[in-house]
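A.B. asks: Let me give you the structure first, and then I'll get to my questions.
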Amino acid sequence: MDAVEILERYRRGDRTFVGLSLIDIELLQAHLSGANFSRSDLRQARLGRTHFSQSNFTQADLSEALLWGADFTEARFAQAQLRDADLSGAVFVRADLSAANLVKAILCGVNFQAANLSQALLIEADLRPGSDQQTNLVGANLSGANLSYAHLSGALLAQANLSEAKLCRAQLGQSFRPGSPKTDLSGANLQGADLSYANLTGAMLCGANLAEADLTGTNLAQADLTGAVLPI
């Protein structure tokens, strides 16, 4: 099935595109909100600035796809393959990316406001500069990921793997807004992470592993380090 047929079927009211082979398809700036592409093969697809709000990509393969600037508000990507995909500037507000594979994905400027990335694979992903979005990254694998200068105050990173991650000058401290939540790094693995000059004011680091982490200039004021493993 090609792009013309998909757009025509969508125009007629069809929203089901499940399990299709759509490798290398181009759907730039299209409007496909609410479409179901679950289990479809979209490797190397070019979907820049397309509107996919509330669409379903569960278990779809979007490896090496170009998704820059696309709107995936409230879309479903559970267990989807997004390895090496370029998602620069994409919008994933309230999207479900639980257990998705985002290894080495380009995530610069992505909006993950209230998104669910629990158990997602983000190994060596580029998340610069992430913003204060209270994203759910519980149990996510971010080993070697680049989060330098990221603003992640209030993020849920409990049990996350951030070993060897780059968090230089990252903002992980509690926001100054009244009632703002604390960043939760409870039980997180930060072994060998670069936290130089990062702000972890008030962060929850109980049980976290900070062995061999670079804490040069790190602000840990009022942080909860109960049971944490600190660098020697």
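Scheme for the structure tokens: letters A, B, ... for chains in order shown; per-chain residue numbers from 1; ligand numbers from 1 in order shown.
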Compile the contact shell of Leu195 (chain A) as a PyMOL selection string: residues with an atom at most 8 Å away, counting only C-alpha atoms, same-chain residues fewer than 2 positions apart removed.
C.D. replies: chain A and resi 166-170+193+197-198+213-216+218
A.B. asks: Which distance in Å separates CA of Ala155 (chain A) and CA of Thr135 (chain A), to one decimal?
C.D. replies: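 Taking CA of Ala155 (chain A) and CA of Thr135 (chain A), their separation equals 5.0 Å.
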A.B. asks: Taking into account only C-alpha atoms, which residue in the set A:Leu47, A:Leu127, A:Leu102, A:Leu185 is nearest to Asn209 (chain A)?
C.D. replies: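 When distances to Asn209 (chain A) are compared using only C-alpha atoms, the smallest one comes from A:Leu185.
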A.B. asks: Need the shell around Arg39 (chain A): protein/DNA/RNA residues with any atom at most 8 Å away, counting only C-alpha atoms. Skip same-chain ones fewer than 5 positions apart. Format as a PyMOL selection string?
C.D. replies: chain A and resi 18-20+57-61
